[in-house]
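Heads up, the thing below is written out as structure tokens.
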Amino acid sequence: MARIVQKYGGTSVGDTDRIKNVARRIKEMQAGGHELVVVVSARSGVTNELLARAKAVCEFPSERELDMLLATGEQETIALTAMALQGIGVPAVSYTGAQAGIFTDKVHTKAKIKTINAKPIEKDLKAGKVVIVAGFQGINEEGQITTLGRGGSDLTAIALAAALKADKCEIYTDVDGVYTADPRVVKDARMLPELSYDEMLELASSGSKVMQTRSVEFAKKYGVIFEVRSSFNHNPGTIVKEEVAYMEKVIVRGVAVDKDQAKIIVSNIPDKPGSAAKVFRALSDSNINVDMIVQNVGRQGVANLTFTVPQTETARAVKALEPVLAAIGGGPVTVHEYIAKLSVVGVGMKTHSGVAATLFQALADADINIELISTSEIKISIVVDQGRADEAARVAHTAFQLDKA
Ligand code: ASP
Ligand code: MG
């Protein structure tokens, strides 16, 4: 008998037929005598719809009320999933995040999980019930409902797998697993049977939206091995786990494209100690996530700072910079939204050289211009014109022979 945590994403529980499909899958699994905890997301589209409604009644809704509202999406699907199970003779019980003992910090809309009291779930598992838990939500020490950031159901599943010492954690989604590139863009992309936490993290933060980044960080920290697989077939998916030596034989594991970034150029700031510090302090004080940064030193003692931020944060970033530029001098600030970030990722980069040269040559041969470059131990990211991004992904995929097993 194994203890298994499963998570079904929004498309897997997108309507009542799909919820019944999930219930049948759970029943099959339970027939094997396993203990099952199942985390579900809201129906796909529901969280966005709720957000739109919030905006329709109030321009700047408070984050407490947003959490109150958004948590209802998952509350619908837990109840329906439990009912669907009961309807086919499987004892099941639904839990909100609070009922599941998921305690978070106070930060509404992006709370962090602090502790999990697994006792109530353990009790129902012992009683032979399938426990269905609302993803994406928790409760803080003041008894307020919190949510864990977009895509947070993944985090709920990974955290519960750690807290319950599950034997297996399965993340069910609408794709078969993690691919070498987006198969809709790169026709000969292959599904990866396994990859390391670090590769998954870099891919997730580079635009491959299979899983929430924070959930992968959590899995790495607590050593939760998980499998990403489809709820629409029974094929094995991608196993994500700690790096093992043979993984380094492959230099590049995958290519990811992120079209949701924007490039901001702050021109003519004084080229002296403290300028960059003031610019990025202002951005960080406004909770803006900066990704790539490049500084060009110009003439006459001024420099240009170029960096990328999520497109949704450009307006706030520009606003945050106004007082800084007023104080230190410089400008203008220009925003370029029609860009894309392409990343190649692989733990093999640690021990192989020439990866950047191969990538840049392949792009040069395709006449694709590189606007920014940044690297980490296992990743090279570049910014290109958004209109050339898909082509760049295909070019990189071929250059690293990712089409070949
Ligand atoms: N329903 C939430 C969202 O759309 C959480 C999740 O689906 O993981 O972000
Ligand atoms: Mg998701």
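Going by the structure tokens order, chains are called A, B, ..., each with residues numbered from 1, while ligands are numbered from 1 in the order shown.
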Notebook entry, point to check: How would you write, as a PyMOL selection string, the set of residues no farther than 6 Å from ligand 2 when counting only C-alpha atoms and all ligand atoms?
Noted result: chain A and resi 9+151+211
Next item on the list: Find the spatial neighbours of Leu51 of chain A, counting only C-alpha atoms, within a cut-off of 9 Å - ignore same-chain residues fewer than 4 positions away - and output them as a VMD selection string.
Entry: chain A and resid 46 to 47 55 to 56 66 69 to 70
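Omitting Ser12 of chain A and its sequence neighbours fewer than 5 positions away, and counting only C-alpha atoms, the residues within 12 Å are A:Gln6, A:Lys7, A:Asp17, A:Arg18, A:Ile19, A:Lys20, A:Asn21, A:Val22, A:Ala23, A:Arg25, A:Val39, A:Val40, A:Ser41, A:Ala42, A:Arg43, A:Ser44, A:Thr77, A:Thr81, A:Ile171, A:Tyr172, A:Thr173, A:Asp174, A:Val175, A:Arg229, A:Ser230, A:Ser231, A:Phe232, A:Asn233.
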Enumerate as a PDB file with N, CA and C atoms, in the first residue's frame all residues of segment 81-307 of chain A assigned to strand (DSSP E) by DSSP on the backbone, naming them with the chain letters and numbers the document uses.
ATOM      1  N   ALA A  92     -15.359   9.671   0.133  1.00  0.00           N
ATOM      2  CA  ALA A  92     -14.483  10.819  -0.087  1.00  0.00           C
ATOM      3  C   ALA A  92     -14.945  11.983   0.755  1.00  0.00           C
ATOM      4  N   VAL A  93     -14.005  12.862   1.087  1.00  0.00           N
ATOM      5  CA  VAL A  93     -14.356  14.051   1.866  1.00  0.00           C
ATOM      6  C   VAL A  93     -13.533  15.228   1.344  1.00  0.00           C
ATOM      7  N   SER A  94     -14.172  16.397   1.241  1.00  0.00           N
ATOM      8  CA  SER A  94     -13.449  17.564   0.734  1.00  0.00           C
ATOM      9  C   SER A  94     -12.980  18.447   1.890  1.00  0.00           C
ATOM     10  N   TYR A  95     -11.812  19.089   1.691  1.00  0.00           N
ATOM     11  CA  TYR A  95     -11.215  19.966   2.689  1.00  0.00           C
ATOM     12  C   TYR A  95     -10.839  21.298   2.041  1.00  0.00           C
ATOM     13  N   ILE A 102      -3.392  23.863   6.483  1.00  0.00           N
ATOM     14  CA  ILE A 102      -2.310  24.545   5.760  1.00  0.00           C
ATOM     15  C   ILE A 102      -2.188  25.979   6.271  1.00  0.00           C
ATOM     16  N   PHE A 103      -1.192  26.186   7.147  1.00  0.00           N
ATOM     17  CA  PHE A 103      -0.989  27.501   7.762  1.00  0.00           C
ATOM     18  C   PHE A 103       0.049  28.301   6.996  1.00  0.00           C
ATOM     19  N   THR A 104      -0.286  29.555   6.718  1.00  0.00           N
ATOM     20  CA  THR A 104       0.610  30.392   5.918  1.00  0.00           C
ATOM     21  C   THR A 104       1.010  31.649   6.698  1.00  0.00           C
ATOM     22  N   ILE A 113       3.636  28.990   2.731  1.00  0.00           N
ATOM     23  CA  ILE A 113       3.207  27.983   3.694  1.00  0.00           C
ATOM     24  C   ILE A 113       4.217  27.926   4.836  1.00  0.00           C
ATOM     25  N   LYS A 114       3.725  27.997   6.090  1.00  0.00           N
ATOM     26  CA  LYS A 114       4.630  27.915   7.241  1.00  0.00           C
ATOM     27  C   LYS A 114       4.631  26.514   7.840  1.00  0.00           C
ATOM     28  N   THR A 115       3.452  26.001   8.121  1.00  0.00           N
ATOM     29  CA  THR A 115       3.381  24.635   8.664  1.00  0.00           C
ATOM     30  C   THR A 115       2.120  23.956   8.142  1.00  0.00           C
ATOM     31  N   ILE A 116       2.126  22.642   8.221  1.00  0.00           N
ATOM     32  CA  ILE A 116       0.921  21.891   7.876  1.00  0.00           C
ATOM     33  C   ILE A 116       0.620  20.942   9.033  1.00  0.00           C
ATOM     34  N   VAL A 130     -10.942   8.919   0.586  1.00  0.00           N
ATOM     35  CA  VAL A 130     -10.091   9.726  -0.276  1.00  0.00           C
ATOM     36  C   VAL A 130     -10.279  11.172   0.178  1.00  0.00           C
ATOM     37  N   VAL A 131      -9.170  11.868   0.414  1.00  0.00           N
ATOM     38  CA  VAL A 131      -9.264  13.250   0.896  1.00  0.00           C
ATOM     39  C   VAL A 131      -8.993  14.211  -0.264  1.00  0.00           C
ATOM     40  N   ILE A 132      -9.962  15.079  -0.541  1.00  0.00           N
ATOM     41  CA  ILE A 132      -9.835  16.035  -1.637  1.00  0.00           C
ATOM     42  C   ILE A 132      -9.537  17.411  -1.031  1.00  0.00           C
ATOM     43  N   VAL A 133      -8.414  18.008  -1.409  1.00  0.00           N
ATOM     44  CA  VAL A 133      -7.992  19.268  -0.797  1.00  0.00           C
ATOM     45  C   VAL A 133      -7.998  20.408  -1.818  1.00  0.00           C
ATOM     46  N   ALA A 134      -8.516  21.545  -1.405  1.00  0.00           N
ATOM     47  CA  ALA A 134      -8.502  22.730  -2.263  1.00  0.00           C
ATOM     48  C   ALA A 134      -7.070  23.238  -2.416  1.00  0.00           C
ATOM     49  N   GLN A 137      -4.781  27.568  -1.505  1.00  0.00           N
ATOM     50  CA  GLN A 137      -5.267  28.359  -0.374  1.00  0.00           C
ATOM     51  C   GLN A 137      -4.777  27.827   0.966  1.00  0.00           C
ATOM     52  N   GLY A 138      -4.753  28.727   1.921  1.00  0.00           N
ATOM     53  CA  GLY A 138      -4.402  28.350   3.278  1.00  0.00           C
ATOM     54  C   GLY A 138      -5.066  29.305   4.244  1.00  0.00           C
ATOM     55  N   ILE A 139      -4.576  29.290   5.468  1.00  0.00           N
ATOM     56  CA  ILE A 139      -5.137  30.185   6.480  1.00  0.00           C
ATOM     57  C   ILE A 139      -3.961  30.757   7.282  1.00  0.00           C
ATOM     58  N   ASN A 140      -4.053  32.026   7.680  1.00  0.00           N
ATOM     59  CA  ASN A 140      -2.941  32.567   8.464  1.00  0.00           C
ATOM     60  C   ASN A 140      -3.271  32.521   9.954  1.00  0.00           C
ATOM     61  N   ILE A 145      -8.289  33.809   5.344  1.00  0.00           N
ATOM     62  CA  ILE A 145      -7.990  32.984   4.168  1.00  0.00           C
ATOM     63  C   ILE A 145      -6.894  33.670   3.351  1.00  0.00           C
ATOM     64  N   THR A 146      -5.902  32.879   2.951  1.00  0.00           N
ATOM     65  CA  THR A 146      -4.830  33.407   2.101  1.00  0.00           C
ATOM     66  C   THR A 146      -4.743  32.556   0.828  1.00  0.00           C
ATOM     67  N   THR A 147      -4.120  33.116  -0.212  1.00  0.00           N
ATOM     68  CA  THR A 147      -3.821  32.282  -1.384  1.00  0.00           C
ATOM     69  C   THR A 147      -2.322  32.319  -1.654  1.00  0.00           C
ATOM     70  N   LYS A 168       4.487   8.921  -3.280  1.00  0.00           N
ATOM     71  CA  LYS A 168       4.450   9.402  -4.657  1.00  0.00           C
ATOM     72  C   LYS A 168       3.696  10.708  -4.734  1.00  0.00           C
ATOM     73  N   CYS A 169       4.127  11.593  -5.626  1.00  0.00           N
ATOM     74  CA  CYS A 169       3.389  12.831  -5.866  1.00  0.00           C
ATOM     75  C   CYS A 169       3.218  12.966  -7.371  1.00  0.00           C
ATOM     76  N   GLU A 170       1.974  13.007  -7.818  1.00  0.00           N
ATOM     77  CA  GLU A 170       1.694  13.054  -9.251  1.00  0.00           C
ATOM     78  C   GLU A 170       0.964  14.345  -9.596  1.00  0.00           C
ATOM     79  N   ILE A 171       1.522  15.098 -10.532  1.00  0.00           N
ATOM     80  CA  ILE A 171       0.923  16.360 -10.952  1.00  0.00           C
ATOM     81  C   ILE A 171       0.239  16.121 -12.299  1.00  0.00           C
ATOM     82  N   TYR A 172      -1.083  16.027 -12.285  1.00  0.00           N
ATOM     83  CA  TYR A 172      -1.817  15.762 -13.519  1.00  0.00           C
ATOM     84  C   TYR A 172      -2.195  17.062 -14.222  1.00  0.00           C
ATOM     85  N   THR A 173      -1.926  17.098 -15.527  1.00  0.00           N
ATOM     86  CA  THR A 173      -2.172  18.322 -16.261  1.00  0.00           C
ATOM     87  C   THR A 173      -2.700  17.974 -17.648  1.00  0.00           C
ATOM     88  N   GLU A 194      12.894  12.186 -17.605  1.00  0.00           N
ATOM     89  CA  GLU A 194      13.225  12.744 -16.294  1.00  0.00           C
ATOM     90  C   GLU A 194      14.127  13.957 -16.418  1.00  0.00           C
ATOM     91  N   LEU A 195      14.128  14.782 -15.405  1.00  0.00           N
ATOM     92  CA  LEU A 195      15.046  15.919 -15.339  1.00  0.00           C
ATOM     93  C   LEU A 195      15.247  16.306 -13.877  1.00  0.00           C
ATOM     94  N   SER A 196      16.250  17.163 -13.653  1.00  0.00           N
ATOM     95  CA  SER A 196      16.590  17.516 -12.270  1.00  0.00           C
ATOM     96  C   SER A 196      15.742  18.703 -11.805  1.00  0.00           C
ATOM     97  N   PHE A 226       8.571  14.152  -7.857  1.00  0.00           N
ATOM     98  CA  PHE A 226       7.207  14.195  -8.410  1.00  0.00           C
ATOM     99  C   PHE A 226       7.201  13.872  -9.892  1.00  0.00           C
ATOM    100  N   GLU A 227       6.024  13.529 -10.378  1.00  0.00           N
ATOM    101  CA  GLU A 227       5.856  13.182 -11.787  1.00  0.00           C
ATOM    102  C   GLU A 227       4.816  14.104 -12.406  1.00  0.00           C
ATOM    103  N   VAL A 228       5.161  14.706 -13.533  1.00  0.00           N
ATOM    104  CA  VAL A 228       4.212  15.540 -14.276  1.00  0.00           C
ATOM    105  C   VAL A 228       3.626  14.671 -15.376  1.00  0.00           C
ATOM    106  N   ARG A 229       2.307  14.504 -15.414  1.00  0.00           N
ATOM    107  CA  ARG A 229       1.708  13.611 -16.417  1.00  0.00           C
ATOM    108  C   ARG A 229       0.302  14.053 -16.781  1.00  0.00           C
ATOM    109  N   SER A 230      -0.248  13.427 -17.809  1.00  0.00           N
ATOM    110  CA  SER A 230      -1.543  13.856 -18.326  1.00  0.00           C
ATOM    111  C   SER A 230      -2.697  13.142 -17.631  1.00  0.00           C
ATOM    112  N   THR A 238       6.864  12.822 -16.886  1.00  0.00           N
ATOM    113  CA  THR A 238       8.246  13.235 -16.601  1.00  0.00           C
ATOM    114  C   THR A 238       8.488  13.197 -15.093  1.00  0.00           C
ATOM    115  N   ILE A 239       9.536  12.501 -14.686  1.00  0.00           N
ATOM    116  CA  ILE A 239       9.887  12.443 -13.259  1.00  0.00           C
ATOM    117  C   ILE A 239      10.900  13.553 -12.959  1.00  0.00           C
ATOM    118  N   VAL A 240      10.620  14.325 -11.924  1.00  0.00           N
ATOM    119  CA  VAL A 240      11.541  15.392 -11.546  1.00  0.00           C
ATOM    120  C   VAL A 240      12.157  15.030 -10.199  1.00  0.00           C
ATOM    121  N   LYS A 241      13.488  15.016 -10.142  1.00  0.00           N
ATOM    122  CA  LYS A 241      14.172  14.566  -8.922  1.00  0.00           C
ATOM    123  C   LYS A 241      15.552  15.196  -8.811  1.00  0.00           C
ATOM    124  N   GLY A 254      16.620  21.473 -22.433  1.00  0.00           N
ATOM    125  CA  GLY A 254      15.420  22.040 -23.029  1.00  0.00           C
ATOM    126  C   GLY A 254      15.568  23.512 -23.375  1.00  0.00           C
ATOM    127  N   VAL A 255      14.617  23.979 -24.170  1.00  0.00           N
ATOM    128  CA  VAL A 255      14.584  25.370 -24.621  1.00  0.00           C
ATOM    129  C   VAL A 255      13.241  25.957 -24.187  1.00  0.00           C
ATOM    130  N   ALA A 256      13.259  27.138 -23.573  1.00  0.00           N
ATOM    131  CA  ALA A 256      11.994  27.756 -23.164  1.00  0.00           C
ATOM    132  C   ALA A 256      11.920  29.183 -23.705  1.00  0.00           C
ATOM    133  N   VAL A 257      10.710  29.614 -24.009  1.00  0.00           N
ATOM    134  CA  VAL A 257      10.508  30.977 -24.497  1.00  0.00           C
ATOM    135  C   VAL A 257       9.507  31.675 -23.586  1.00  0.00           C
ATOM    136  N   ASP A 258       9.822  32.897 -23.193  1.00  0.00           N
ATOM    137  CA  ASP A 258       8.929  33.689 -22.354  1.00  0.00           C
ATOM    138  C   ASP A 258       8.586  34.973 -23.098  1.00  0.00           C
ATOM    139  N   GLN A 261       7.670  39.094 -20.931  1.00  0.00           N
ATOM    140  CA  GLN A 261       8.609  40.042 -20.337  1.00  0.00           C
ATOM    141  C   GLN A 261       8.631  41.332 -21.161  1.00  0.00           C
ATOM    142  N   ALA A 262       9.067  42.397 -20.544  1.00  0.00           N
ATOM    143  CA  ALA A 262       9.278  43.645 -21.269  1.00  0.00           C
ATOM    144  C   ALA A 262      10.672  44.151 -20.935  1.00  0.00           C
ATOM    145  N   LYS A 263      11.228  44.915 -21.877  1.00  0.00           N
ATOM    146  CA  LYS A 263      12.571  45.451 -21.670  1.00  0.00           C
ATOM    147  C   LYS A 263      12.444  46.942 -21.352  1.00  0.00           C
ATOM    148  N   ILE A 264      13.135  47.388 -20.309  1.00  0.00           N
ATOM    149  CA  ILE A 264      13.106  48.800 -19.942  1.00  0.00           C
ATOM    150  C   ILE A 264      14.524  49.356 -20.042  1.00  0.00           C
ATOM    151  N   ILE A 265      14.662  50.491 -20.709  1.00  0.00           N
ATOM    152  CA  ILE A 265      15.976  51.133 -20.808  1.00  0.00           C
ATOM    153  C   ILE A 265      15.939  52.461 -20.063  1.00  0.00           C
ATOM    154  N   VAL A 266      16.817  52.592 -19.086  1.00  0.00           N
ATOM    155  CA  VAL A 266      16.951  53.860 -18.370  1.00  0.00           C
ATOM    156  C   VAL A 266      18.218  54.517 -18.905  1.00  0.00           C
ATOM    157  N   SER A 267      18.052  55.598 -19.644  1.00  0.00           N
ATOM    158  CA  SER A 267      19.200  56.200 -20.319  1.00  0.00           C
ATOM    159  C   SER A 267      19.816  57.328 -19.494  1.00  0.00           C
ATOM    160  N   ASN A 268      21.094  57.532 -19.730  1.00  0.00           N
ATOM    161  CA  ASN A 268      21.808  58.721 -19.228  1.00  0.00           C
ATOM    162  C   ASN A 268      21.790  58.921 -17.719  1.00  0.00           C
ATOM    163  N   ILE A 269      21.940  57.839 -16.977  1.00  0.00           N
ATOM    164  CA  ILE A 269      22.063  58.055 -15.530  1.00  0.00           C
ATOM    165  C   ILE A 269      23.537  58.287 -15.204  1.00  0.00           C
ATOM    166  N   PRO A 270      23.824  59.033 -14.130  1.00  0.00           N
ATOM    167  CA  PRO A 270      25.220  59.332 -13.804  1.00  0.00           C
ATOM    168  C   PRO A 270      26.025  58.047 -13.619  1.00  0.00           C
ATOM    169  N   ILE A 293      19.769  41.991 -16.413  1.00  0.00           N
ATOM    170  CA  ILE A 293      20.256  43.370 -16.274  1.00  0.00           C
ATOM    171  C   ILE A 293      21.529  43.545 -17.102  1.00  0.00           C
ATOM    172  N   VAL A 294      21.579  44.608 -17.882  1.00  0.00           N
ATOM    173  CA  VAL A 294      22.805  44.926 -18.619  1.00  0.00           C
ATOM    174  C   VAL A 294      23.073  46.416 -18.467  1.00  0.00           C
ATOM    175  N   GLN A 295      24.349  46.784 -18.248  1.00  0.00           N
ATOM    176  CA  GLN A 295      24.695  48.209 -18.186  1.00  0.00           C
ATOM    177  C   GLN A 295      25.681  48.552 -19.307  1.00  0.00           C
ATOM    178  N   ASN A 296      25.357  49.598 -20.069  1.00  0.00           N
ATOM    179  CA  ASN A 296      26.304  50.092 -21.063  1.00  0.00           C
ATOM    180  C   ASN A 296      26.847  51.409 -20.554  1.00  0.00           C
ATOM    181  N   VAL A 297      28.168  51.507 -20.523  1.00  0.00           N
ATOM    182  CA  VAL A 297      28.751  52.772 -20.116  1.00  0.00           C
ATOM    183  C   VAL A 297      28.933  53.636 -21.357  1.00  0.00           C
ATOM    184  N   VAL A 302      27.942  59.263 -18.339  1.00  0.00           N
ATOM    185  CA  VAL A 302      26.604  58.709 -18.127  1.00  0.00           C
ATOM    186  C   VAL A 302      26.563  57.265 -18.624  1.00  0.00           C
ATOM    187  N   ALA A 303      25.590  56.521 -18.106  1.00  0.00           N
ATOM    188  CA  ALA A 303      25.456  55.113 -18.484  1.00  0.00           C
ATOM    189  C   ALA A 303      23.989  54.800 -18.773  1.00  0.00           C
ATOM    190  N   ASN A 304      23.754  53.725 -19.541  1.00  0.00           N
ATOM    191  CA  ASN A 304      22.388  53.247 -19.767  1.00  0.00           C
ATOM    192  C   ASN A 304      22.211  51.927 -19.031  1.00  0.00           C
ATOM    193  N   LEU A 305      21.088  51.788 -18.349  1.00  0.00           N
ATOM    194  CA  LEU A 305      20.766  50.529 -17.678  1.00  0.00           C
ATOM    195  C   LEU A 305      19.594  49.896 -18.414  1.00  0.00           C
ATOM    196  N   THR A 306      19.773  48.654 -18.807  1.00  0.00           N
ATOM    197  CA  THR A 306      18.693  47.936 -19.485  1.00  0.00           C
ATOM    198  C   THR A 306      18.343  46.717 -18.643  1.00  0.00           C
ATOM    199  N   PHE A 307      17.055  46.472 -18.455  1.00  0.00           N
ATOM    200  CA  PHE A 307      16.667  45.284 -17.684  1.00  0.00           C
ATOM    201  C   PHE A 307      15.293  44.802 -18.128  1.00  0.00           C
TER     202      PHE A 307
END
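Closest approach to ligand 1 among A:Ile339, A:Met83, A:Val107, A:Ala157 is made by A:Ala157 (distances from only C-alpha atoms and all ligand atoms).
Closest approach to ligand 1 among A:Pro183, A:Gly97, A:Gly149, A:Gly330: A:Gly149, based on only C-alpha atoms and all ligand atoms.
For the residues A:Ile26, A:Ile368, A:Leu363, A:Val347, ranking by smallest atom-to-atom distance to Glu248 of chain A using only C-alpha atoms places A:Val347 first.
The environment of Leu148 of chain A within 10 Å, counting only C-alpha atoms and disregarding residues fewer than 6 places along the same chain, consists of Asp67, Thr104, Asp105, Val107, His108, Thr109, Lys110, Ala111, Lys112, Ile113, Gly135, Phe136, Gln137, Gly138, Asp154, Leu155, Thr156, Arg214 and Ser215 of chain A.
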Deliver the residues from the most recent selection as a file, using N, CA, C and O atoms, as a CSV table (one decimal), in the first residue's frame.
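Below is the file that was written, part-v6.csv:
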chain,number,residue,atom,x,y,z
A,67,ASP,N,-8.4,37.4,-1.9
A,67,ASP,CA,-8.2,36.0,-1.4
A,67,ASP,C,-9.5,35.3,-1.1
A,67,ASP,O,-9.8,34.2,-1.4
A,104,THR,N,-0.3,29.6,6.7
A,104,THR,CA,0.6,30.4,5.9
A,104,THR,C,1.0,31.6,6.7
A,104,THR,O,0.5,31.9,7.8
A,105,ASP,N,1.9,32.4,6.1
A,105,ASP,CA,2.2,33.7,6.6
A,105,ASP,C,1.0,34.7,6.3
A,105,ASP,O,0.0,34.3,5.7
A,107,VAL,N,0.9,37.3,4.2
A,107,VAL,CA,0.9,38.0,2.9
A,107,VAL,C,-0.2,37.5,2.0
A,107,VAL,O,-0.1,36.5,1.3
A,108,HIS,N,-1.3,38.3,1.9
A,108,HIS,CA,-2.4,38.0,1.0
A,108,HIS,C,-2.0,37.9,-0.4
A,108,HIS,O,-1.1,38.7,-0.8
A,109,THR,N,-2.6,37.1,-1.2
A,109,THR,CA,-2.4,36.8,-2.6
A,109,THR,C,-1.0,36.1,-3.0
A,109,THR,O,-0.9,35.7,-4.1
A,110,LYS,N,-0.1,36.1,-2.1
A,110,LYS,CA,1.1,35.3,-2.4
A,110,LYS,C,1.7,34.8,-1.1
A,110,LYS,O,2.9,34.9,-0.8
A,111,ALA,N,0.9,34.2,-0.3
A,111,ALA,CA,1.3,33.7,1.0
A,111,ALA,C,2.3,32.5,0.9
A,111,ALA,O,2.2,31.8,-0.1
A,112,LYS,N,3.1,32.4,1.9
A,112,LYS,CA,4.0,31.2,2.0
A,112,LYS,C,3.5,30.3,3.0
A,112,LYS,O,3.0,30.7,4.1
A,113,ILE,N,3.6,29.0,2.7
A,113,ILE,CA,3.2,28.0,3.7
A,113,ILE,C,4.2,27.9,4.8
A,113,ILE,O,5.4,27.9,4.6
A,135,GLY,N,-6.6,23.3,-3.6
A,135,GLY,CA,-5.3,23.9,-3.9
A,135,GLY,C,-5.3,25.4,-3.7
A,135,GLY,O,-6.3,26.0,-3.6
A,136,PHE,N,-4.0,26.0,-3.7
A,136,PHE,CA,-3.9,27.4,-3.8
A,136,PHE,C,-4.3,28.2,-2.6
A,136,PHE,O,-4.2,29.4,-2.6
A,137,GLN,N,-4.8,27.6,-1.5
A,137,GLN,CA,-5.3,28.4,-0.4
A,137,GLN,C,-4.8,27.8,1.0
A,137,GLN,O,-4.4,26.7,1.1
A,138,GLY,N,-4.8,28.7,1.9
A,138,GLY,CA,-4.4,28.3,3.3
A,138,GLY,C,-5.1,29.3,4.2
A,138,GLY,O,-6.0,30.0,3.9
A,154,ASP,N,-0.1,23.7,-7.3
A,154,ASP,CA,1.0,22.8,-7.4
A,154,ASP,C,1.8,22.8,-6.1
A,154,ASP,O,2.2,21.8,-5.6
A,155,LEU,N,1.9,24.0,-5.5
A,155,LEU,CA,2.6,24.1,-4.2
A,155,LEU,C,1.8,23.3,-3.1
A,155,LEU,O,2.4,22.7,-2.3
A,156,THR,N,0.5,23.5,-3.1
A,156,THR,CA,-0.3,22.7,-2.1
A,156,THR,C,0.0,21.2,-2.2
A,156,THR,O,0.2,20.6,-1.2
A,214,ARG,N,7.6,28.3,-7.5
A,214,ARG,CA,7.8,28.1,-6.1
A,214,ARG,C,7.5,26.7,-5.6
A,214,ARG,O,8.1,26.2,-4.7
A,215,SER,N,6.6,26.0,-6.3
A,215,SER,CA,6.4,24.6,-6.0
A,215,SER,C,7.6,23.7,-6.3
A,215,SER,O,7.9,22.8,-5.5
Next item on the list: List the neighbours of Ala282 of chain A out to 10 Å using only C-alpha atoms; skip same-chain residues closer than 2 positions along the sequence, and give me the result as a VMD selection string.
Entry: chain A and resid 276 to 280 284 to 288 317 319 to 324
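When only C-alpha atoms and all ligand atoms are used to measure the gap to ligand 1, the shortest distance among A:Val345, A:Met200, A:Val13, A:Ala356 belongs to A:Val13.
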Item checked: Sel. of helix (DSSP H, G or I) residues, segment 288-346 of chain A, as an NGL selection string -> :A and (311-328)
Notebook entry, point to check: Can you tell me, as a PyMOL selection string, what residues are no more than 12 Å from Ala357 of chain A when counting only C-alpha atoms, ignoring any on the same chain fewer than 6 positions away?
Noted result: chain A and resi 363-364+380+396+399-400
Output C-alpha atoms of each residue in that selection to a file, as a CSV table (one decimal), in the first residue's frame.
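Result written to again-v1.csv:
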chain,number,residue,atom,x,y,z
A,363,LEU,CA,21.1,32.4,-34.2
A,364,ALA,CA,23.6,34.3,-36.4
A,380,ILE,CA,21.9,30.9,-21.0
A,396,ALA,CA,18.3,26.4,-30.8
A,399,ALA,CA,21.5,23.3,-32.8
A,400,PHE,CA,21.6,21.2,-29.6
Notebook entry, point to check: Which residues come within 10 Å of Val395 of chain A, counting only C-alpha atoms, excluding same-chain residues fewer than 2 positions away, as a PyMOL selection string?
Noted result: chain A and resi 186+359+362-363+365-366+368+389-393+397-401
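Proximity of A:Gly87, A:Glu76, A:Leu160, A:Ile328 to Ala100 of chain A, computed with only C-alpha atoms, is greatest for A:Leu160.
Atom pair atom CA of Asp182 of chain A / atom 3 (C, counted along the ligand's line) of ligand 1 has a distance of 20.8 Å (rounded to one decimal).
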